[in-house]
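Below is one structure, written out as structure tokens; comments come after it.
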Amino acid sequence: HAELSSREMEILTLISQGLLKKQIADELKITENTVAYHVKNIYRKLEVPNSPAAITKAFQSGILPTDGNAR
């Protein structure tokens, strides 16, 4: 799969922690539309249809750490 950008990794990590797009936008000080754009790119790059699939694939492929210290 294609490499995720640092911003996409940041957003994927926050999604994996259960944050919603609005919460991610607030935390990163970007708009919800920008979060949605990055999420769409994450799904495309990971070749998945939704957040649960993206999180599962990211953990299984080692993109996200499984030690709970993602932040």
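We name chains A, B, ... following the order of the structure tokens; residues begin at 1 in each chain, and ligands are numbered from 1 as shown.
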Q. Using only C-alpha atoms, which residues sit within 9 Å of range 45-59 of chain A once same-chain residues fewer than 2 positions away are excluded, as a PyMOL selection string?
A. chain A and resi 1-4+12-13+15-16+39-43+61-66
Please write the residues from the selection above to a file, keeping N, CA, C and O atoms, as a short mmCIF file (atom, residue, chain, number, x, y, z; two decimals), in the first residue's frame.
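And here's again_11.cif as it stands now:
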data_model
loop_
_atom_site.label_atom_id
_atom_site.label_comp_id
_atom_site.auth_asym_id
_atom_site.auth_seq_id
_atom_site.Cartn_x
_atom_site.Cartn_y
_atom_site.Cartn_z
N HIS A 1 0.83 -1.19 0.00
CA HIS A 1 0.00 0.00 0.00
C HIS A 1 0.87 1.24 0.00
O HIS A 1 2.05 1.18 0.34
N ALA A 2 0.28 2.35 -0.39
CA ALA A 2 1.02 3.61 -0.45
C ALA A 2 1.34 4.11 0.95
O ALA A 2 0.64 3.81 1.92
N GLU A 3 2.40 4.87 1.05
CA GLU A 3 2.79 5.46 2.32
C GLU A 3 1.78 6.54 2.74
O GLU A 3 1.34 7.33 1.92
N LEU A 4 1.46 6.55 4.02
CA LEU A 4 0.59 7.61 4.55
C LEU A 4 1.47 8.80 4.93
O LEU A 4 2.58 8.62 5.42
N LEU A 12 -5.18 9.05 11.48
CA LEU A 12 -5.49 7.63 11.68
C LEU A 12 -5.30 7.23 13.14
O LEU A 12 -6.11 6.49 13.71
N THR A 13 -4.26 7.74 13.77
CA THR A 13 -4.02 7.46 15.18
C THR A 13 -5.17 7.99 16.03
O THR A 13 -5.67 7.28 16.93
N ILE A 15 -8.26 8.57 15.05
CA ILE A 15 -9.44 7.75 14.76
C ILE A 15 -9.37 6.45 15.56
O ILE A 15 -10.36 6.01 16.14
N SER A 16 -8.18 5.86 15.63
CA SER A 16 -8.02 4.60 16.36
C SER A 16 -8.26 4.77 17.85
O SER A 16 -8.56 3.82 18.56
N VAL A 39 -9.11 11.58 5.61
CA VAL A 39 -9.70 10.26 5.89
C VAL A 39 -9.96 9.53 4.57
O VAL A 39 -9.68 8.34 4.43
N LYS A 40 -10.50 10.26 3.59
CA LYS A 40 -10.76 9.66 2.28
C LYS A 40 -9.46 9.14 1.66
O LYS A 40 -9.42 8.04 1.10
N ASN A 41 -8.38 9.92 1.79
CA ASN A 41 -7.08 9.48 1.27
C ASN A 41 -6.56 8.26 2.02
O ASN A 41 -5.97 7.36 1.41
N ILE A 42 -6.77 8.23 3.32
CA ILE A 42 -6.35 7.07 4.13
C ILE A 42 -7.07 5.82 3.63
O ILE A 42 -6.45 4.78 3.42
N TYR A 43 -8.39 5.92 3.46
CA TYR A 43 -9.16 4.77 2.99
C TYR A 43 -8.66 4.31 1.62
O TYR A 43 -8.52 3.11 1.38
N SER A 61 -0.97 -4.51 9.81
CA SER A 61 0.20 -4.32 8.95
C SER A 61 1.33 -3.58 9.67
O SER A 61 2.37 -3.32 9.07
N GLY A 62 1.12 -3.23 10.94
CA GLY A 62 2.17 -2.59 11.71
C GLY A 62 2.29 -1.09 11.51
O GLY A 62 3.25 -0.47 11.98
N ILE A 63 1.33 -0.50 10.80
CA ILE A 63 1.36 0.96 10.60
C ILE A 63 1.15 1.67 11.92
O ILE A 63 1.82 2.66 12.22
N LEU A 64 0.20 1.17 12.72
CA LEU A 64 -0.05 1.73 14.04
C LEU A 64 0.54 0.81 15.10
O LEU A 64 0.43 -0.41 14.98
N PRO A 65 1.17 1.38 16.14
CA PRO A 65 1.72 0.55 17.21
C PRO A 65 0.60 -0.11 18.03
O PRO A 65 -0.46 0.48 18.20
N THR A 66 0.87 -1.29 18.55
CA THR A 66 -0.15 -1.99 19.34
C THR A 66 0.11 -1.87 20.84
O THR A 66 -0.58 -2.47 21.63
#
Q: With a distance cut-off of 10 Å and only C-alpha atoms, select the neighbouring residues of range 20-23 of chain A, excluding the residue or stretch itself and same-chain residues fewer than 4 positions from it, and output the selection as a PyMOL selection string.
A: chain A and resi 11+14-16+27-36+39
Those selected residues, please, written with N, CA and C atoms and delivered as a CSV table (one decimal), in the first residue's frame.
chain,number,residue,atom,x,y,z
A,11,ILE,N,-4.0,11.6,11.9
A,11,ILE,CA,-5.5,11.4,11.9
A,11,ILE,C,-5.9,10.0,12.1
A,14,LEU,N,-5.6,9.2,15.8
A,14,LEU,CA,-6.7,9.8,16.5
A,14,LEU,C,-8.0,9.0,16.3
A,15,ILE,N,-8.3,8.6,15.1
A,15,ILE,CA,-9.4,7.7,14.8
A,15,ILE,C,-9.4,6.5,15.6
A,16,SER,N,-8.2,5.9,15.6
A,16,SER,CA,-8.0,4.6,16.4
A,16,SER,C,-8.3,4.8,17.9
A,27,GLU,N,-8.8,19.3,17.7
A,27,GLU,CA,-7.5,19.0,18.3
A,27,GLU,C,-6.4,19.4,17.3
A,28,LEU,N,-6.5,19.2,16.0
A,28,LEU,CA,-5.5,19.6,15.1
A,28,LEU,C,-5.6,21.0,14.6
A,29,LYS,N,-6.7,21.7,15.0
A,29,LYS,CA,-7.0,23.1,14.5
A,29,LYS,C,-7.0,23.2,13.0
A,30,ILE,N,-7.8,22.2,12.4
A,30,ILE,CA,-8.1,22.2,11.0
A,30,ILE,C,-9.6,22.1,10.9
A,31,THR,N,-10.1,22.2,9.7
A,31,THR,CA,-11.6,22.1,9.5
A,31,THR,C,-12.0,20.6,9.4
A,32,GLU,N,-13.3,20.4,9.6
A,32,GLU,CA,-13.8,19.0,9.5
A,32,GLU,C,-13.7,18.6,8.0
A,33,ASN,N,-13.8,19.5,7.1
A,33,ASN,CA,-13.7,19.1,5.6
A,33,ASN,C,-12.2,18.6,5.4
A,34,THR,N,-11.3,19.3,6.0
A,34,THR,CA,-9.9,18.9,5.8
A,34,THR,C,-9.7,17.5,6.4
A,35,VAL,N,-10.2,17.2,7.6
A,35,VAL,CA,-10.2,15.9,8.2
A,35,VAL,C,-10.8,14.9,7.2
A,36,ALA,N,-12.0,15.2,6.7
A,36,ALA,CA,-12.7,14.3,5.8
A,36,ALA,C,-11.8,14.0,4.6
A,39,VAL,N,-9.1,11.6,5.6
A,39,VAL,CA,-9.7,10.3,5.9
A,39,VAL,C,-10.0,9.5,4.6
